[in-house]
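Shown next: protein_6.cif, containing mmCIF, C-alpha atoms and all ligand atoms.
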```cif
data_entry
#
loop_
_atom_site.label_atom_id
_atom_site.label_comp_id
_atom_site.auth_asym_id
_atom_site.auth_seq_id
_atom_site.Cartn_x
_atom_site.Cartn_y
_atom_site.Cartn_z
CA MET A 1 0.00 0.00 0.00
CA ASN A 2 1.51 3.38 -0.89
CA SER A 3 -0.43 5.54 1.56
CA PRO A 4 0.51 5.74 5.28
CA ASN A 5 -3.16 5.66 6.33
CA PRO A 6 -4.90 2.65 4.73
CA PHE A 7 -8.25 4.51 4.86
CA ASP A 8 -6.98 7.56 2.94
CA VAL A 9 -9.33 8.19 0.03
CA ILE A 10 -8.03 9.83 -3.14
CA LYS A 11 -10.47 11.99 -5.13
CA ALA A 12 -11.02 10.60 -8.63
CA ASP A 13 -12.57 12.67 -11.46
CA VAL A 14 -14.52 10.60 -13.94
CA LEU A 15 -13.13 11.56 -17.35
CA ASN A 16 -15.07 9.16 -19.51
CA VAL A 17 -17.48 6.25 -19.26
CA ILE A 18 -17.32 3.48 -21.88
CA GLU A 19 -20.28 1.09 -22.27
CA GLU A 20 -18.52 -2.22 -22.84
CA SER A 21 -21.67 -4.37 -22.72
CA PRO A 22 -25.23 -4.08 -21.33
CA GLN A 23 -23.92 -4.92 -17.82
CA ILE A 24 -20.29 -3.66 -17.83
CA LYS A 25 -18.90 -0.12 -18.06
CA THR A 26 -15.30 1.11 -17.98
CA PHE A 27 -14.70 4.27 -15.94
CA GLN A 28 -11.62 6.28 -16.95
CA LEU A 29 -10.44 8.17 -13.87
CA LYS A 30 -8.06 11.07 -13.21
CA LEU A 31 -6.74 10.90 -9.65
CA GLU A 32 -5.94 13.89 -7.46
CA LYS A 33 -2.83 12.07 -6.13
CA PRO A 34 -0.71 9.39 -7.83
CA LEU A 35 -1.59 5.79 -6.98
CA LYS A 36 0.91 3.17 -8.11
CA PHE A 37 -0.28 -0.44 -8.10
CA GLU A 38 0.97 -3.80 -9.28
CA THR A 39 -1.11 -5.82 -11.70
CA GLY A 40 -3.44 -8.12 -9.71
CA GLN A 41 -3.76 -5.76 -6.73
CA PHE A 42 -7.13 -4.17 -6.04
CA VAL A 43 -8.55 -0.84 -4.84
CA GLU A 44 -11.69 0.12 -2.92
CA LEU A 45 -13.77 2.49 -5.05
CA SER A 46 -16.37 4.66 -3.32
CA VAL A 47 -19.41 6.59 -4.45
CA PRO A 48 -19.68 9.57 -2.05
CA GLY A 49 -22.53 9.12 0.43
CA ILE A 50 -23.36 5.63 -0.89
CA GLY A 51 -20.64 3.08 -0.15
CA GLU A 52 -17.62 1.32 -1.56
CA ALA A 53 -16.63 -1.99 -3.16
CA PRO A 54 -13.40 -3.69 -4.26
CA PHE A 55 -12.28 -3.64 -7.91
CA THR A 56 -9.11 -4.48 -9.79
CA PRO A 57 -7.90 -1.75 -12.17
CA SER A 58 -8.22 -2.77 -15.83
CA SER A 59 -5.48 -0.41 -17.04
CA SER A 60 -1.79 -1.37 -17.15
CA HIS A 61 0.29 -0.92 -14.02
CA TYR A 62 2.69 1.07 -16.25
CA GLN A 63 0.02 3.71 -16.94
CA ASP A 64 0.47 7.26 -15.59
CA PRO A 65 -0.17 6.87 -11.80
CA PHE A 66 -2.62 9.80 -11.96
CA GLU A 67 -4.84 7.74 -14.31
CA MET A 68 -6.74 4.50 -13.83
CA ASP A 69 -9.41 2.54 -15.68
CA VAL A 70 -11.83 0.36 -13.73
CA SER A 71 -14.32 -1.92 -15.52
CA ILE A 72 -17.38 -2.61 -13.41
CA MET A 73 -20.30 -5.00 -13.76
CA ASN A 74 -23.65 -3.84 -12.42
CA ALA A 75 -24.10 -6.55 -9.76
CA GLY A 76 -25.98 -4.90 -6.90
CA PHE A 77 -26.30 -1.82 -4.72
CA VAL A 78 -22.91 -0.04 -4.98
CA THR A 79 -22.17 -1.16 -8.54
CA GLY A 80 -25.70 -0.06 -9.55
CA LYS A 81 -24.94 3.44 -8.22
CA VAL A 82 -21.53 3.46 -9.96
CA HIS A 83 -23.30 2.67 -13.24
CA LYS A 84 -25.29 5.91 -12.89
CA VAL A 85 -22.05 7.96 -12.68
CA LYS A 86 -21.23 10.21 -15.65
CA ALA A 87 -18.17 12.07 -16.97
CA GLY A 88 -17.52 15.03 -14.63
CA ASP A 89 -18.71 13.21 -11.47
CA ILE A 90 -16.39 12.46 -8.54
CA LEU A 91 -15.55 9.04 -7.06
CA GLY A 92 -13.07 7.99 -4.34
CA ILE A 93 -10.28 5.43 -4.44
CA ARG A 94 -8.26 3.91 -1.60
CA GLY A 95 -5.51 1.32 -1.81
CA PRO A 96 -3.90 -0.46 -3.52
CA TYR A 97 -4.31 -3.62 -1.46
CA GLY A 98 -3.18 -7.21 -1.63
CA LYS A 99 -0.48 -8.91 -3.64
CA GLY A 100 -0.28 -8.82 -7.41
CA TYR A 101 0.63 -11.50 -9.95
CA PRO A 102 4.15 -12.89 -9.45
CA LEU A 103 5.41 -11.72 -12.85
CA ASP A 104 8.95 -12.99 -12.17
CA LYS A 105 7.58 -16.54 -12.15
CA PHE A 106 6.01 -16.00 -15.59
CA LYS A 107 9.23 -14.91 -17.31
CA GLY A 108 10.53 -17.19 -20.09
CA LYS A 109 7.29 -19.21 -20.00
CA ASP A 110 4.17 -19.65 -22.09
CA VAL A 111 1.51 -17.62 -20.29
CA LEU A 112 -2.16 -18.57 -20.60
CA LEU A 113 -4.93 -16.19 -19.48
CA LEU A 114 -8.31 -17.86 -18.94
CA GLY A 115 -11.17 -15.50 -18.24
CA GLY A 116 -14.89 -15.00 -18.40
CA GLY A 117 -17.33 -12.11 -18.01
CA VAL A 118 -16.03 -9.21 -15.94
CA GLY A 119 -13.04 -11.42 -15.03
CA LEU A 120 -11.53 -9.97 -18.20
CA ALA A 121 -11.01 -6.67 -16.31
CA PRO A 122 -8.11 -7.81 -14.08
CA LEU A 123 -6.83 -9.89 -17.01
CA ARG A 124 -6.79 -6.82 -19.28
CA CYS A 125 -4.58 -5.09 -16.70
CA LEU A 126 -2.30 -8.14 -16.67
CA LEU A 127 -2.27 -8.48 -20.46
CA LEU A 128 -1.39 -4.80 -21.02
CA THR A 129 1.42 -5.19 -18.48
CA LEU A 130 2.72 -8.37 -20.19
CA ILE A 131 2.56 -6.66 -23.59
CA HIS A 132 4.72 -3.82 -22.24
CA ASP A 133 7.50 -6.37 -21.49
CA ILE A 134 6.58 -8.88 -24.19
CA ASP A 135 10.19 -10.01 -24.82
CA ASP A 136 10.24 -11.46 -21.29
CA TYR A 137 7.62 -14.09 -22.14
CA LYS A 138 7.71 -17.02 -24.57
CA SER A 139 4.12 -16.59 -25.71
CA ILE A 140 0.79 -15.32 -24.41
CA THR A 141 -2.41 -17.27 -25.05
CA VAL A 142 -5.63 -15.48 -24.23
CA CYS A 143 -8.82 -17.54 -23.79
CA PHE A 144 -11.78 -15.25 -23.11
CA GLY A 145 -15.47 -16.08 -22.91
CA ALA A 146 -18.76 -14.25 -22.48
CA ARG A 147 -22.39 -15.26 -22.16
CA SER A 148 -23.34 -13.88 -25.59
CA PRO A 149 -21.67 -11.76 -28.32
CA GLU A 150 -23.10 -8.52 -26.89
CA ASP A 151 -21.67 -9.42 -23.45
CA MET A 152 -18.12 -9.70 -24.85
CA ILE A 153 -16.12 -6.70 -23.56
CA TYR A 154 -12.99 -4.96 -24.98
CA LYS A 155 -13.87 -5.98 -28.57
CA ASN A 156 -11.82 -3.12 -30.03
CA PHE A 157 -8.80 -4.09 -27.98
CA PHE A 158 -9.03 -7.67 -29.30
CA LEU A 159 -8.35 -6.40 -32.84
CA GLU A 160 -5.11 -4.71 -31.65
CA TRP A 161 -3.97 -7.62 -29.49
CA ASP A 162 -4.57 -10.10 -32.31
CA LYS A 163 -1.97 -8.30 -34.46
CA ILE A 164 0.83 -9.00 -31.94
CA ASP A 165 2.90 -12.04 -33.06
CA LYS A 166 3.38 -13.61 -29.64
CA ILE A 167 -0.31 -13.36 -28.72
CA HIS A 168 -2.78 -16.15 -29.55
CA LEU A 169 -6.30 -14.95 -28.95
CA MET A 170 -9.25 -17.33 -28.60
CA THR A 171 -12.80 -16.34 -27.71
CA CYS A 172 -16.11 -18.09 -27.21
CA VAL A 173 -19.67 -17.34 -26.19
CA ASP A 174 -22.08 -19.55 -24.26
CA LYS A 175 -24.86 -18.95 -26.75
CA ILE A 176 -25.90 -16.80 -29.75
CA PRO A 177 -29.30 -15.22 -29.09
CA ASP A 178 -31.51 -14.50 -32.11
CA GLY A 179 -30.38 -11.37 -33.95
CA GLU A 180 -26.76 -11.45 -32.69
CA LYS A 181 -23.79 -12.38 -34.90
CA TRP A 182 -20.81 -14.52 -33.90
CA ASP A 183 -18.29 -16.36 -36.10
CA GLY A 184 -16.23 -17.90 -33.31
CA LYS A 185 -16.64 -20.86 -30.99
CA VAL A 186 -19.79 -21.51 -28.99
CA GLY A 187 -19.52 -23.15 -25.56
CA VAL A 188 -18.13 -22.53 -22.09
CA VAL A 189 -14.59 -21.14 -21.61
CA PRO A 190 -12.79 -24.48 -20.87
CA ILE A 191 -13.61 -25.69 -24.45
CA LEU A 192 -11.01 -23.19 -25.69
CA LEU A 193 -8.31 -25.27 -23.99
CA ASP A 194 -8.88 -28.01 -26.61
CA ASP A 195 -7.09 -25.79 -29.15
CA ILE A 196 -4.13 -24.44 -27.17
CA LYS A 197 -0.70 -25.05 -28.70
CA ILE A 198 1.53 -24.76 -25.62
CA ASP A 199 3.27 -27.33 -23.43
CA PRO A 200 1.55 -27.17 -20.01
CA LYS A 201 4.75 -28.32 -18.31
CA ASN A 202 6.52 -25.05 -19.14
CA ALA A 203 3.49 -22.80 -18.83
CA VAL A 204 1.65 -20.76 -16.24
CA SER A 205 -2.05 -20.01 -16.29
CA ILE A 206 -4.00 -17.18 -14.72
CA VAL A 207 -7.74 -17.64 -14.17
CA CYS A 208 -10.32 -14.96 -13.40
CA GLY A 209 -14.08 -14.98 -13.79
CA PRO A 210 -17.32 -16.09 -12.17
CA PRO A 211 -16.84 -18.84 -9.53
CA ILE A 212 -18.27 -21.60 -11.72
CA MET A 213 -15.95 -20.68 -14.60
CA MET A 214 -12.96 -20.55 -12.22
CA LYS A 215 -13.83 -23.99 -10.84
CA PHE A 216 -14.27 -25.83 -14.13
CA GLY A 217 -11.50 -23.81 -15.83
CA THR A 218 -9.06 -24.84 -13.09
CA PHE A 219 -10.12 -28.51 -13.28
CA ALA A 220 -9.66 -28.41 -17.07
CA LEU A 221 -6.17 -26.91 -16.72
CA VAL A 222 -5.19 -29.65 -14.25
CA ASP A 223 -6.53 -32.26 -16.71
CA LYS A 224 -4.42 -30.69 -19.47
CA GLY A 225 -1.27 -31.16 -17.33
CA PHE A 226 -0.81 -27.71 -15.74
CA LYS A 227 0.80 -28.07 -12.32
CA ASP A 228 -1.24 -26.75 -9.35
CA GLU A 229 1.56 -24.33 -8.44
CA ASN A 230 1.46 -22.85 -11.97
CA ILE A 231 -2.26 -22.06 -11.92
CA TYR A 232 -2.98 -18.61 -10.44
CA LEU A 233 -6.49 -17.68 -9.32
CA SER A 234 -7.83 -14.16 -8.66
CA MET A 235 -10.18 -14.80 -5.73
CA GLU A 236 -13.06 -12.32 -5.50
CA LYS A 237 -14.14 -12.98 -1.91
CA LYS A 238 -16.43 -10.52 -0.15
CA MET A 239 -14.28 -7.81 1.42
CA TYR A 240 -14.77 -4.88 3.76
CA CYS A 241 -11.60 -3.38 5.23
CA GLY A 242 -9.29 -4.57 2.43
CA PHE A 243 -6.20 -4.99 4.61
CA GLY A 244 -6.52 -7.90 7.03
CA GLN A 245 -8.54 -6.41 9.91
CA CYS A 246 -12.18 -7.53 9.58
CA ARG A 247 -11.80 -11.29 8.73
CA HIS A 248 -14.56 -11.15 6.09
CA CYS A 249 -12.41 -12.65 3.37
CA VAL A 250 -10.89 -15.74 4.96
CA ILE A 251 -9.82 -18.57 2.61
CA GLY A 252 -8.39 -21.45 4.64
CA GLU A 253 -5.40 -20.04 6.53
CA TYR A 254 -5.27 -16.87 4.40
CA TYR A 255 -7.00 -13.50 4.05
CA ALA A 256 -7.95 -12.90 0.41
CA CYS A 257 -7.38 -9.15 0.80
CA LYS A 258 -3.92 -9.28 2.35
CA ASP A 259 -2.39 -12.60 1.24
CA GLY A 260 -4.25 -12.56 -2.12
CA PRO A 261 -6.37 -11.80 -4.03
CA VAL A 262 -4.03 -13.80 -6.31
CA PHE A 263 -3.27 -17.33 -5.05
CA SER A 264 -1.64 -20.30 -6.72
CA TYR A 265 -4.02 -23.25 -6.74
CA ASP A 266 -1.76 -25.40 -4.54
CA MET A 267 -2.02 -22.76 -1.76
CA ILE A 268 -5.81 -22.88 -1.44
CA LYS A 269 -7.02 -26.09 -3.06
CA GLY A 270 -7.70 -27.77 0.32
CA ALA A 271 -9.62 -24.78 1.76
CA GLU A 272 -13.40 -24.95 2.22
CA LYS A 273 -15.80 -23.29 -0.23
CA ILE A 274 -13.13 -21.81 -2.48
CA TRP A 275 -15.48 -21.81 -5.48
CA GLU A 276 -18.32 -19.88 -3.75
C1 LIG A 301 -10.34 -8.30 -5.19
C2 LIG A 301 -11.63 -8.07 -5.96
C3 LIG A 301 -11.57 -7.52 -7.22
C4 LIG A 301 -12.76 -7.29 -7.94
N1 LIG A 301 -12.66 -6.72 -9.18
C5 LIG A 301 -13.80 -6.45 -9.85
C6 LIG A 301 -13.73 -5.77 -11.12
O1 LIG A 301 -12.65 -5.41 -11.61
N2 LIG A 301 -14.91 -5.51 -11.74
C7 LIG A 301 -16.13 -5.88 -11.19
O2 LIG A 301 -17.17 -5.60 -11.81
N3 LIG A 301 -16.21 -6.52 -10.02
C8 LIG A 301 -15.08 -6.80 -9.33
N4 LIG A 301 -15.18 -7.40 -8.10
C9 LIG A 301 -16.52 -7.77 -7.57
C10 LIG A 301 -17.17 -6.52 -6.94
O3 LIG A 301 -16.42 -6.13 -5.82
C11 LIG A 301 -18.60 -6.86 -6.53
O4 LIG A 301 -19.38 -7.07 -7.68
C12 LIG A 301 -19.18 -5.72 -5.71
O5 LIG A 301 -18.57 -5.71 -4.44
C13 LIG A 301 -20.68 -5.89 -5.56
O6 LIG A 301 -21.11 -4.78 -4.78
P1 LIG A 301 -22.64 -4.29 -4.83
O7 LIG A 301 -22.87 -3.42 -3.63
O8 LIG A 301 -22.96 -3.72 -6.15
O9 LIG A 301 -23.40 -5.66 -4.70
P2 LIG A 301 -24.30 -6.16 -3.45
O10 LIG A 301 -25.60 -5.44 -3.49
O11 LIG A 301 -23.51 -6.14 -2.19
O12 LIG A 301 -24.45 -7.68 -3.87
C14 LIG A 301 -24.99 -8.07 -5.13
C15 LIG A 301 -24.47 -9.44 -5.48
O13 LIG A 301 -23.04 -9.39 -5.65
C16 LIG A 301 -22.42 -10.36 -4.81
N5 LIG A 301 -21.15 -9.80 -4.32
C17 LIG A 301 -20.99 -8.86 -3.36
N6 LIG A 301 -19.69 -8.64 -3.13
C18 LIG A 301 -19.01 -9.45 -3.97
C19 LIG A 301 -17.63 -9.70 -4.21
N7 LIG A 301 -16.66 -9.09 -3.53
N8 LIG A 301 -17.31 -10.57 -5.19
C20 LIG A 301 -18.25 -11.21 -5.88
N9 LIG A 301 -19.56 -11.04 -5.69
C21 LIG A 301 -19.94 -10.18 -4.74
C22 LIG A 301 -23.41 -10.57 -3.67
O14 LIG A 301 -23.24 -11.86 -3.09
C23 LIG A 301 -24.73 -10.47 -4.38
O15 LIG A 301 -25.08 -11.67 -5.02
C24 LIG A 301 -14.02 -7.64 -7.37
C25 LIG A 301 -14.06 -8.22 -6.09
C26 LIG A 301 -12.88 -8.41 -5.38
C27 LIG A 301 -12.95 -8.99 -4.01
S1 LIG A 302 -11.40 -7.61 3.84
FE1 LIG A 302 -11.06 -7.30 5.96
S2 LIG A 302 -9.74 -8.93 6.50
FE2 LIG A 302 -9.92 -9.09 4.35
#
```
As structure tokens, please, write out the structure in this file.
Amino acid sequence: MNSPNPFDVIKADVLNVIEESPQIKTFQLKLEKPLKFETGQFVELSVPGIGEAPFTPSSSHYQDPFEMDVSIMNAGFVTGKVHKVKAGDILGIRGPYGKGYPLDKFKGKDVLLLGGGVGLAPLRCLLLTLIHDIDDYKSITVCFGARSPEDMIYKNFFLEWDKIDKIHLMTCVDKIPDGEKWDGKVGVVPILLDDIKIDPKNAVSIVCGPPIMMKFGTFALVDKGFKDENIYLSMEKKMYCGFGQCRHCVIGEYYACKDGPVFSYDMIKGAEKIWE
């Protein structure tokens, strides 16, 4: 955390709001003070007078520390209020909290990102960070899924990422409702693993998405031959304080906020209710 008081809130001007899908918007923020974070860490974002919730920035950790993008799904009370926010409004940010992705362990390896729904937000932050140092990695395979074509976020970014030699991009949707167009695969995210061209023994995988996708995605990676210690999970447990004081986010012997939110599968696989 880069602030001496963990409750310090930084004022954030909303510069722009991008409608990524019917349920997900990206908020481009200009911060009053710089906030440096590492990819995989999270912040608490507040709507003045309403409340706050944890989110992982979706912009690169190399971005100007006065700027941050956060992509947010309308899931309930606070996120519903955030979705009403417009350019020119003010939000608050505190953090960053937790530990990020162990990028040193990814170097020289094939890196596989497996994500679904709004789980693409933390993975976009990671991917932009990996792209910045792309020579450090052997290859990057991106397997992204959404419920339907209109739920697929960051479509314009996909076109740019697809042009990068070391990136192999694969997408799927659960279903194609009448009137929507989709040329790619149809099915749940783990089906994309049937087509990957990397050797799981020299690869790491990072998984982020809804609990059910994380569960079956992780099982599919293990079946493919990925070692438990090379599968990294971004655990979105319910959080309040964000820094190890309230015990709301316990996973086995760990606090998701302080020891995570990123865990390797071998660390938490024996803990109760990890997929809830
Ligand atoms: C470390 C971390 C990073 C996250 N990053 C993102 C992100 O980048 N983008 C994004 O859209 N969401 C992210 N989330 C999830 C986000 O925090 C929740 O969607 C949000 O807290 C819901 O608040 P609410 O008041 O709108 O919902 P509520 O009205 O409190 O609840 C609505 C529904 O959301 C569920 N919910 C509440 N809190 C969480 C939670 N922490 N995780 C999952 N489900 C929850 C509730 O069980 C309920 O079903 C992240 C969560 C964590 C812990
Ligand atoms: S959110 Fe308070 S201990 Fe983790």
Wanna dump the chain A-ligand LIG 301 (chain A) contacts at 7 Å for me, each residue with its shortest atom pair and the distance in Å to one decimal, counting all atoms listed in the file, ordered by chain and number, as CSV?
```
residue,atom,partner,partner_atom,distance
A:Phe42,CA,A:LIG301,C1,5.3
A:Ala53,CA,A:LIG301,O5,4.4
A:Pro54,CA,A:LIG301,O3,4.2
A:Phe55,CA,A:LIG301,N1,3.4
A:Thr56,CA,A:LIG301,O1,4.1
A:Pro57,CA,A:LIG301,O1,6.0
A:Ser58,CA,A:LIG301,O1,6.7
A:Val70,CA,A:LIG301,O1,6.2
A:Ser71,CA,A:LIG301,N2,5.2
A:Ile72,CA,A:LIG301,O2,3.4
A:Met73,CA,A:LIG301,O2,3.7
A:Asn74,CA,A:LIG301,O8,6.3
A:Ala75,CA,A:LIG301,O8,4.7
A:Gly76,CA,A:LIG301,O8,3.3
A:Phe77,CA,A:LIG301,O10,3.9
A:Val78,CA,A:LIG301,O7,3.6
A:Thr79,CA,A:LIG301,O8,3.6
A:Gly80,CA,A:LIG301,O8,5.7
A:Val118,CA,A:LIG301,O2,5.6
A:Gly119,CA,A:LIG301,C6,6.9
A:Ala121,CA,A:LIG301,O1,5.1
A:Pro122,CA,A:LIG301,O1,5.7
A:Met235,CA,A:LIG301,C1,6.5
A:Glu236,CA,A:LIG301,C27,3.6
A:Lys237,CA,A:LIG301,C27,4.7
A:Lys238,CA,A:LIG301,N7,3.7
A:Met239,CA,A:LIG301,N7,5.6
A:Cys257,CA,A:LIG301,C1,6.7
A:Pro261,CA,A:LIG301,C1,5.4
```
Go through A:Lys25, A:Lys138, A:Lys81, A:Lys107 and flag the residue nearest Gly51 (chain A), using only C-alpha atoms for the distances.
-> A:Lys81
In terms of the shortest atom-to-atom distance over only C-alpha atoms, which of A:Glu38, A:Gly184, A:Ile176, A:Ile140 is closest to Cys125 (chain A)?
->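 For Cys125 (chain A), the nearest of the given residues is A:Glu38.
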Shell of 7 Å around ligand LIG 302 (chain A) (only C-alpha atoms and all ligand atoms), written as a VMD selection string | chain A and resid 239 to 250 255 to 258
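Here CA of Lys185 (chain A) stands at a distance of 28.1 Å from CA of Gly40 (chain A).
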So which one's closest to Val82 (chain A), A:Ser59, A:Thr129, A:Asn156, A:Thr26? Using all atoms listed in the file, please.
-> A:Thr26
Could you jot down the CA of Val262 (chain A) to CA of Leu233 (chain A) separation for me, Å, one decimal place?
-> 5.5 Å
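When CA of Asp8 (chain A) is paired with CA of Lys33 (chain A), their separation reads 10.9 Å.
When all atoms listed in the file are used to compute distances to Gly92 (chain A), the closest of the residues A:Leu169, A:Ile274, A:Leu45, A:Leu35 turns out to be A:Leu45.
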Neighbours of point (-10.6, -14.3, -19.2) within 9 Å, using only C-alpha atoms, written as a compact mmCIF listing (two decimals) with C-alpha atoms, in the frame of the given file:
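The new file point.txt reads:
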```txt
# COMPACT_ATOMS: atom_id res chain seq x y z
CA LEU A 113 -4.93 -16.19 -19.48
CA LEU A 114 -8.31 -17.86 -18.94
CA GLY A 115 -11.17 -15.50 -18.24
CA GLY A 116 -14.89 -15.00 -18.40
CA GLY A 117 -17.33 -12.11 -18.01
CA VAL A 118 -16.03 -9.21 -15.94
CA GLY A 119 -13.04 -11.42 -15.03
CA LEU A 120 -11.53 -9.97 -18.20
CA ALA A 121 -11.01 -6.67 -16.31
CA PRO A 122 -8.11 -7.81 -14.08
CA LEU A 123 -6.83 -9.89 -17.01
CA ARG A 124 -6.79 -6.82 -19.28
CA VAL A 142 -5.63 -15.48 -24.23
CA CYS A 143 -8.82 -17.54 -23.79
CA PHE A 144 -11.78 -15.25 -23.11
CA GLY A 145 -15.47 -16.08 -22.91
CA ALA A 146 -18.76 -14.25 -22.48
CA VAL A 189 -14.59 -21.14 -21.61
CA ILE A 206 -4.00 -17.18 -14.72
CA VAL A 207 -7.74 -17.64 -14.17
CA CYS A 208 -10.32 -14.96 -13.40
CA GLY A 209 -14.08 -14.98 -13.79
```
